[in-house]
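Everything below belongs to model_16.cif, which stores mmCIF, N, CA and C atoms and all ligand atoms.
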```
data_final
#
loop_
_atom_site.label_atom_id
_atom_site.label_comp_id
_atom_site.auth_asym_id
_atom_site.auth_seq_id
_atom_site.Cartn_x
_atom_site.Cartn_y
_atom_site.Cartn_z
N MET A 1308 3.52 8.03 -14.74
CA MET A 1308 2.77 7.75 -13.52
C MET A 1308 1.81 6.59 -13.74
N LEU A 1309 1.79 5.67 -12.80
CA LEU A 1309 0.85 4.57 -12.86
C LEU A 1309 0.02 4.55 -11.59
N LYS A 1310 -1.10 3.83 -11.69
CA LYS A 1310 -1.95 3.68 -10.51
C LYS A 1310 -2.20 2.19 -10.32
N THR A 1311 -2.08 1.72 -9.08
CA THR A 1311 -2.34 0.32 -8.81
C THR A 1311 -3.22 0.18 -7.59
N ILE A 1312 -3.95 -0.92 -7.53
CA ILE A 1312 -4.77 -1.21 -6.34
C ILE A 1312 -4.25 -2.50 -5.72
N LEU A 1313 -3.77 -2.39 -4.48
CA LEU A 1313 -3.29 -3.56 -3.76
C LEU A 1313 -4.41 -4.08 -2.86
N ASN A 1314 -4.62 -5.38 -2.90
CA ASN A 1314 -5.61 -5.99 -2.00
C ASN A 1314 -4.89 -6.49 -0.75
N ILE A 1315 -5.24 -5.91 0.38
CA ILE A 1315 -4.50 -6.16 1.61
C ILE A 1315 -5.39 -6.87 2.63
N GLU A 1316 -4.83 -7.97 3.19
CA GLU A 1316 -5.53 -8.69 4.25
C GLU A 1316 -4.90 -8.38 5.60
N GLY A 1317 -5.71 -8.24 6.62
CA GLY A 1317 -5.17 -8.11 7.98
C GLY A 1317 -5.35 -6.72 8.59
N MET A 1318 -5.94 -5.78 7.84
CA MET A 1318 -6.19 -4.46 8.42
C MET A 1318 -7.50 -4.53 9.20
N THR A 1319 -7.44 -4.14 10.49
CA THR A 1319 -8.63 -4.29 11.32
C THR A 1319 -9.15 -2.97 11.88
N CYS A 1320 -8.36 -1.92 11.84
CA CYS A 1320 -8.82 -0.67 12.44
C CYS A 1320 -8.12 0.53 11.79
N ASP A 1321 -8.47 1.72 12.26
CA ASP A 1321 -7.89 2.94 11.69
C ASP A 1321 -6.38 3.01 11.88
N HIS A 1322 -5.91 2.38 12.95
CA HIS A 1322 -4.47 2.37 13.17
C HIS A 1322 -3.76 1.62 12.05
N CYS A 1323 -4.32 0.49 11.64
CA CYS A 1323 -3.76 -0.27 10.53
C CYS A 1323 -3.76 0.58 9.26
N VAL A 1324 -4.87 1.29 9.05
CA VAL A 1324 -4.98 2.13 7.87
C VAL A 1324 -3.87 3.18 7.85
N SER A 1325 -3.61 3.79 9.02
CA SER A 1325 -2.58 4.83 9.01
C SER A 1325 -1.18 4.22 8.90
N SER A 1326 -0.94 3.02 9.46
CA SER A 1326 0.39 2.44 9.25
C SER A 1326 0.63 2.09 7.79
N VAL A 1327 -0.36 1.48 7.15
CA VAL A 1327 -0.18 1.12 5.74
C VAL A 1327 -0.01 2.39 4.90
N THR A 1328 -0.79 3.42 5.21
CA THR A 1328 -0.66 4.68 4.49
C THR A 1328 0.75 5.24 4.63
N LYS A 1329 1.29 5.22 5.86
CA LYS A 1329 2.63 5.75 6.09
C LYS A 1329 3.69 4.96 5.35
N ILE A 1330 3.58 3.64 5.39
CA ILE A 1330 4.55 2.79 4.68
C ILE A 1330 4.60 3.19 3.21
N LEU A 1331 3.42 3.34 2.62
CA LEU A 1331 3.37 3.64 1.19
C LEU A 1331 3.85 5.05 0.89
N GLU A 1332 3.48 6.00 1.75
CA GLU A 1332 3.90 7.39 1.53
C GLU A 1332 5.42 7.55 1.64
N ASN A 1333 6.07 6.62 2.37
CA ASN A 1333 7.52 6.70 2.53
C ASN A 1333 8.30 6.31 1.28
N PHE A 1334 7.64 5.66 0.33
CA PHE A 1334 8.33 5.28 -0.90
C PHE A 1334 8.57 6.51 -1.76
N SER A 1335 9.81 6.65 -2.20
CA SER A 1335 10.04 7.76 -3.13
C SER A 1335 9.39 7.37 -4.44
N GLY A 1336 8.70 8.30 -5.03
CA GLY A 1336 7.99 8.02 -6.27
C GLY A 1336 6.49 7.85 -6.06
N VAL A 1337 6.08 7.62 -4.81
CA VAL A 1337 4.65 7.50 -4.53
C VAL A 1337 4.06 8.89 -4.33
N THR A 1338 3.04 9.22 -5.08
CA THR A 1338 2.49 10.57 -5.03
C THR A 1338 1.13 10.64 -4.36
N GLU A 1339 0.39 9.52 -4.37
CA GLU A 1339 -0.94 9.58 -3.77
C GLU A 1339 -1.31 8.20 -3.22
N VAL A 1340 -1.84 8.18 -2.00
CA VAL A 1340 -2.21 6.93 -1.35
C VAL A 1340 -3.60 7.07 -0.76
N THR A 1341 -4.49 6.12 -1.09
CA THR A 1341 -5.79 6.06 -0.43
C THR A 1341 -6.01 4.64 0.06
N VAL A 1342 -6.10 4.47 1.38
CA VAL A 1342 -6.30 3.15 1.94
C VAL A 1342 -7.73 3.04 2.43
N SER A 1343 -8.40 1.94 2.04
CA SER A 1343 -9.78 1.72 2.47
C SER A 1343 -9.88 0.48 3.36
N LEU A 1344 -10.32 0.69 4.58
CA LEU A 1344 -10.52 -0.41 5.52
C LEU A 1344 -11.70 -1.28 5.08
N ALA A 1345 -12.75 -0.65 4.60
CA ALA A 1345 -13.95 -1.37 4.19
C ALA A 1345 -13.67 -2.28 2.99
N GLU A 1346 -12.84 -1.79 2.08
CA GLU A 1346 -12.57 -2.56 0.85
C GLU A 1346 -11.31 -3.41 0.95
N ASN A 1347 -10.53 -3.20 2.02
CA ASN A 1347 -9.23 -3.87 2.15
C ASN A 1347 -8.30 -3.59 0.97
N THR A 1348 -8.25 -2.34 0.58
CA THR A 1348 -7.41 -1.97 -0.55
C THR A 1348 -6.55 -0.75 -0.24
N ALA A 1349 -5.47 -0.65 -1.01
CA ALA A 1349 -4.70 0.58 -1.05
C ALA A 1349 -4.58 0.97 -2.52
N THR A 1350 -5.04 2.17 -2.82
CA THR A 1350 -4.92 2.69 -4.17
C THR A 1350 -3.73 3.64 -4.19
N VAL A 1351 -2.75 3.34 -5.05
CA VAL A 1351 -1.49 4.05 -5.02
C VAL A 1351 -1.14 4.60 -6.40
N SER A 1352 -0.83 5.88 -6.46
CA SER A 1352 -0.26 6.47 -7.68
C SER A 1352 1.24 6.56 -7.48
N TYR A 1353 1.99 6.11 -8.48
CA TYR A 1353 3.45 6.07 -8.30
C TYR A 1353 4.17 6.24 -9.62
N ASP A 1354 5.43 6.63 -9.49
CA ASP A 1354 6.32 6.76 -10.64
C ASP A 1354 6.97 5.40 -10.87
N GLU A 1355 6.67 4.78 -12.00
CA GLU A 1355 7.14 3.41 -12.25
C GLU A 1355 8.65 3.32 -12.42
N LEU A 1356 9.33 4.45 -12.55
CA LEU A 1356 10.80 4.43 -12.63
C LEU A 1356 11.42 4.38 -11.23
N LYS A 1357 10.63 4.66 -10.20
CA LYS A 1357 11.19 4.75 -8.85
C LYS A 1357 10.80 3.61 -7.93
N THR A 1358 9.64 3.01 -8.15
CA THR A 1358 9.25 1.90 -7.29
C THR A 1358 8.28 0.98 -8.03
N THR A 1359 7.99 -0.17 -7.43
CA THR A 1359 7.09 -1.14 -8.05
C THR A 1359 6.08 -1.63 -7.01
N PRO A 1360 4.94 -2.13 -7.48
CA PRO A 1360 3.95 -2.69 -6.56
C PRO A 1360 4.54 -3.84 -5.74
N SER A 1361 5.47 -4.59 -6.33
CA SER A 1361 6.07 -5.69 -5.61
C SER A 1361 6.91 -5.21 -4.42
N GLU A 1362 7.65 -4.13 -4.63
CA GLU A 1362 8.42 -3.52 -3.53
C GLU A 1362 7.49 -3.01 -2.43
N MET A 1363 6.42 -2.35 -2.84
CA MET A 1363 5.45 -1.83 -1.87
C MET A 1363 4.84 -2.98 -1.08
N SER A 1364 4.49 -4.05 -1.78
CA SER A 1364 3.86 -5.19 -1.12
C SER A 1364 4.77 -5.80 -0.08
N LYS A 1365 6.08 -5.90 -0.44
CA LYS A 1365 7.05 -6.46 0.50
C LYS A 1365 7.08 -5.65 1.79
N ALA A 1366 7.09 -4.34 1.67
CA ALA A 1366 7.15 -3.47 2.85
C ALA A 1366 5.89 -3.62 3.70
N ILE A 1367 4.74 -3.74 3.04
CA ILE A 1367 3.48 -3.91 3.77
C ILE A 1367 3.48 -5.25 4.50
N GLU A 1368 4.00 -6.28 3.83
CA GLU A 1368 4.03 -7.61 4.45
C GLU A 1368 5.04 -7.66 5.60
N ASN A 1369 6.12 -6.89 5.50
CA ASN A 1369 7.08 -6.81 6.61
C ASN A 1369 6.43 -6.23 7.86
N ASP A 1370 5.36 -5.49 7.68
CA ASP A 1370 4.67 -4.90 8.82
C ASP A 1370 3.53 -5.80 9.32
N GLY A 1371 3.40 -6.99 8.74
CA GLY A 1371 2.46 -7.97 9.28
C GLY A 1371 1.16 -8.15 8.54
N TYR A 1372 1.02 -7.48 7.41
CA TYR A 1372 -0.20 -7.64 6.62
C TYR A 1372 0.09 -8.58 5.44
N THR A 1373 -0.95 -8.99 4.76
CA THR A 1373 -0.78 -9.86 3.60
C THR A 1373 -1.34 -9.15 2.37
N VAL A 1374 -0.54 -9.10 1.32
CA VAL A 1374 -1.01 -8.50 0.07
C VAL A 1374 -1.38 -9.65 -0.86
N LYS A 1375 -2.63 -9.68 -1.29
CA LYS A 1375 -3.12 -10.84 -2.04
C LYS A 1375 -2.75 -10.83 -3.50
N ASN A 1376 -2.53 -9.66 -4.05
CA ASN A 1376 -2.25 -9.61 -5.50
C ASN A 1376 -0.87 -9.02 -5.77
N ARG A 1377 0.09 -9.33 -4.92
CA ARG A 1377 1.43 -8.77 -5.06
C ARG A 1377 2.13 -9.29 -6.32
CU CU B 1401 -5.42 -1.95 13.41
#
```

Serialized structure, structure tokens:
Amino acid sequence: MLKTILNIEGMTCDHCVSSVTKILENFSGVTEVTVSLAENTATVSYDELKTTPSEMSKAIENDGYTVKNR
């Protein structure tokens, strides 16, 4: 299990927070997601054999946000 913090640009409200949370929770291998609107971050615990931060970032960007440290 690994933990990563993604820096996300473009989240403006609670709706954005819940969409980003849902996108990340849909990844198999992701066990815990905490998205912070104030910090513009998503803290994700995941199984490194099942997914990668780069894959997660791509999905977040497909939804219209920008991940700064992908
Ligand atoms: Cu929003």

Measuring atom to atom with only N, CA and C atoms, identify which of A:Val1342, A:Leu1331, A:Cys1323, A:Val1337 is nearest to Asp1354 in chain A.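 Among the listed residues, the smallest separation from Asp1354 in chain A belongs to A:Val1337.
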
Tell me, in Å to one decimal, how far atom C of Lys1375 in chain A is from CA of Thr1350 in chain A.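 CA of Thr1350 in chain A lies 13.7 Å from atom C of Lys1375 in chain A.
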
Which chain A residues have any atom within 12 Å of an atom of ligand CU 1401 (chain B), and for each, what is the nearest pair of atoms with distance in Å to one decimal, counting only C-alpha atoms and all ligand atoms, rows sorted by chain and number, as JSON lines?
```
{"residue": "A:Glu1316", "atom": "CA", "partner": "B:CU1401", "partner_atom": "CU", "distance": 11.4}
{"residue": "A:Gly1317", "atom": "CA", "partner": "B:CU1401", "partner_atom": "CU", "distance": 8.2}
{"residue": "A:Met1318", "atom": "CA", "partner": "B:CU1401", "partner_atom": "CU", "distance": 5.6}
{"residue": "A:Thr1319", "atom": "CA", "partner": "B:CU1401", "partner_atom": "CU", "distance": 4.5}
{"residue": "A:Cys1320", "atom": "CA", "partner": "B:CU1401", "partner_atom": "CU", "distance": 3.8}
{"residue": "A:Asp1321", "atom": "CA", "partner": "B:CU1401", "partner_atom": "CU", "distance": 5.7}
{"residue": "A:His1322", "atom": "CA", "partner": "B:CU1401", "partner_atom": "CU", "distance": 4.4}
{"residue": "A:Cys1323", "atom": "CA", "partner": "B:CU1401", "partner_atom": "CU", "distance": 3.7}
{"residue": "A:Val1324", "atom": "CA", "partner": "B:CU1401", "partner_atom": "CU", "distance": 6.9}
{"residue": "A:Ser1325", "atom": "CA", "partner": "B:CU1401", "partner_atom": "CU", "distance": 8.6}
{"residue": "A:Ser1326", "atom": "CA", "partner": "B:CU1401", "partner_atom": "CU", "distance": 8.4}
{"residue": "A:Val1327", "atom": "CA", "partner": "B:CU1401", "partner_atom": "CU", "distance": 9.8}
{"residue": "A:Leu1344", "atom": "CA", "partner": "B:CU1401", "partner_atom": "CU", "distance": 9.5}
{"residue": "A:Asp1370", "atom": "CA", "partner": "B:CU1401", "partner_atom": "CU", "distance": 11.5}
{"residue": "A:Gly1371", "atom": "CA", "partner": "B:CU1401", "partner_atom": "CU", "distance": 10.7}
{"residue": "A:Tyr1372", "atom": "CA", "partner": "B:CU1401", "partner_atom": "CU", "distance": 10.3}
```

Name the residues of chain A that come out as strand (DSSP E) in a backbone DSSP run; write them as a compact mmCIF listing (two decimals) with N, CA and C atoms, keeping the file's coordinate frame.
```txt
# COMPACT_ATOMS: atom_id res chain seq x y z
N LEU A 1309 1.79 5.67 -12.80
CA LEU A 1309 0.85 4.57 -12.86
C LEU A 1309 0.02 4.55 -11.59
N LYS A 1310 -1.10 3.83 -11.69
CA LYS A 1310 -1.95 3.68 -10.51
C LYS A 1310 -2.20 2.19 -10.32
N THR A 1311 -2.08 1.72 -9.08
CA THR A 1311 -2.34 0.32 -8.81
C THR A 1311 -3.22 0.18 -7.59
N ILE A 1312 -3.95 -0.92 -7.53
CA ILE A 1312 -4.77 -1.21 -6.34
C ILE A 1312 -4.25 -2.50 -5.72
N LEU A 1313 -3.77 -2.39 -4.48
CA LEU A 1313 -3.29 -3.56 -3.76
C LEU A 1313 -4.41 -4.08 -2.86
N ASN A 1314 -4.62 -5.38 -2.90
CA ASN A 1314 -5.61 -5.99 -2.00
C ASN A 1314 -4.89 -6.49 -0.75
N ILE A 1315 -5.24 -5.91 0.38
CA ILE A 1315 -4.50 -6.16 1.61
C ILE A 1315 -5.39 -6.87 2.63
N GLU A 1316 -4.83 -7.97 3.19
CA GLU A 1316 -5.53 -8.69 4.25
C GLU A 1316 -4.90 -8.38 5.60
N VAL A 1337 6.08 7.62 -4.81
CA VAL A 1337 4.65 7.50 -4.53
C VAL A 1337 4.06 8.89 -4.33
N THR A 1338 3.04 9.22 -5.08
CA THR A 1338 2.49 10.57 -5.03
C THR A 1338 1.13 10.64 -4.36
N GLU A 1339 0.39 9.52 -4.37
CA GLU A 1339 -0.94 9.58 -3.77
C GLU A 1339 -1.31 8.20 -3.22
N VAL A 1340 -1.84 8.18 -2.00
CA VAL A 1340 -2.21 6.93 -1.35
C VAL A 1340 -3.60 7.07 -0.76
N THR A 1341 -4.49 6.12 -1.09
CA THR A 1341 -5.79 6.06 -0.43
C THR A 1341 -6.01 4.64 0.06
N VAL A 1342 -6.10 4.47 1.38
CA VAL A 1342 -6.30 3.15 1.94
C VAL A 1342 -7.73 3.04 2.43
N SER A 1343 -8.40 1.94 2.04
CA SER A 1343 -9.78 1.72 2.47
C SER A 1343 -9.88 0.48 3.36
N THR A 1348 -8.25 -2.34 0.58
CA THR A 1348 -7.41 -1.97 -0.55
C THR A 1348 -6.55 -0.75 -0.24
N ALA A 1349 -5.47 -0.65 -1.01
CA ALA A 1349 -4.70 0.58 -1.05
C ALA A 1349 -4.58 0.97 -2.52
N THR A 1350 -5.04 2.17 -2.82
CA THR A 1350 -4.92 2.69 -4.17
C THR A 1350 -3.73 3.64 -4.19
N VAL A 1351 -2.75 3.34 -5.05
CA VAL A 1351 -1.49 4.05 -5.02
C VAL A 1351 -1.14 4.60 -6.40
N SER A 1352 -0.83 5.88 -6.46
CA SER A 1352 -0.26 6.47 -7.68
C SER A 1352 1.24 6.56 -7.48
N TYR A 1353 1.99 6.11 -8.48
CA TYR A 1353 3.45 6.07 -8.30
C TYR A 1353 4.17 6.24 -9.62
N THR A 1373 -0.95 -8.99 4.76
CA THR A 1373 -0.78 -9.86 3.60
C THR A 1373 -1.34 -9.15 2.37
N VAL A 1374 -0.54 -9.10 1.32
CA VAL A 1374 -1.01 -8.50 0.07
C VAL A 1374 -1.38 -9.65 -0.86
```

Between atom C of Leu1309 in chain A and CA of Glu1368 in chain A, what is the distance, to one decimal in Å?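 Separation of atom C of Leu1309 in chain A and CA of Glu1368 in chain A: 20.5 Å.
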
Nearest to Leu1356 in chain A by atom-to-atom distance, counting only N, CA and C atoms, from A:Thr1373, A:Thr1328, A:Asn1314, A:Ser1335: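 Closest candidate: A:Ser1335.
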
Could you give me, as a ChimeraX atom specification, each residue of chain A that DSSP assigns to alpha helix (DSSP H) when run on this structure's backbone? /A:1321-1332,1360-1369

Separation of atom C of Lys1310 in chain A from CA of Ala1345 in chain A, in Å and rounded to one decimal: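 For atom C of Lys1310 in chain A relative to CA of Ala1345 in chain A, the distance reads 19.0 Å.
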
Could you please give me, as a PyMOL selection string, the residues of protein, DNA or RNA lying at most 7 Å from (4.9, 8.2, -6.7) in the coordinate frame of the file, considering all atoms listed in the file? chain A and resi 1334-1339+1352-1355
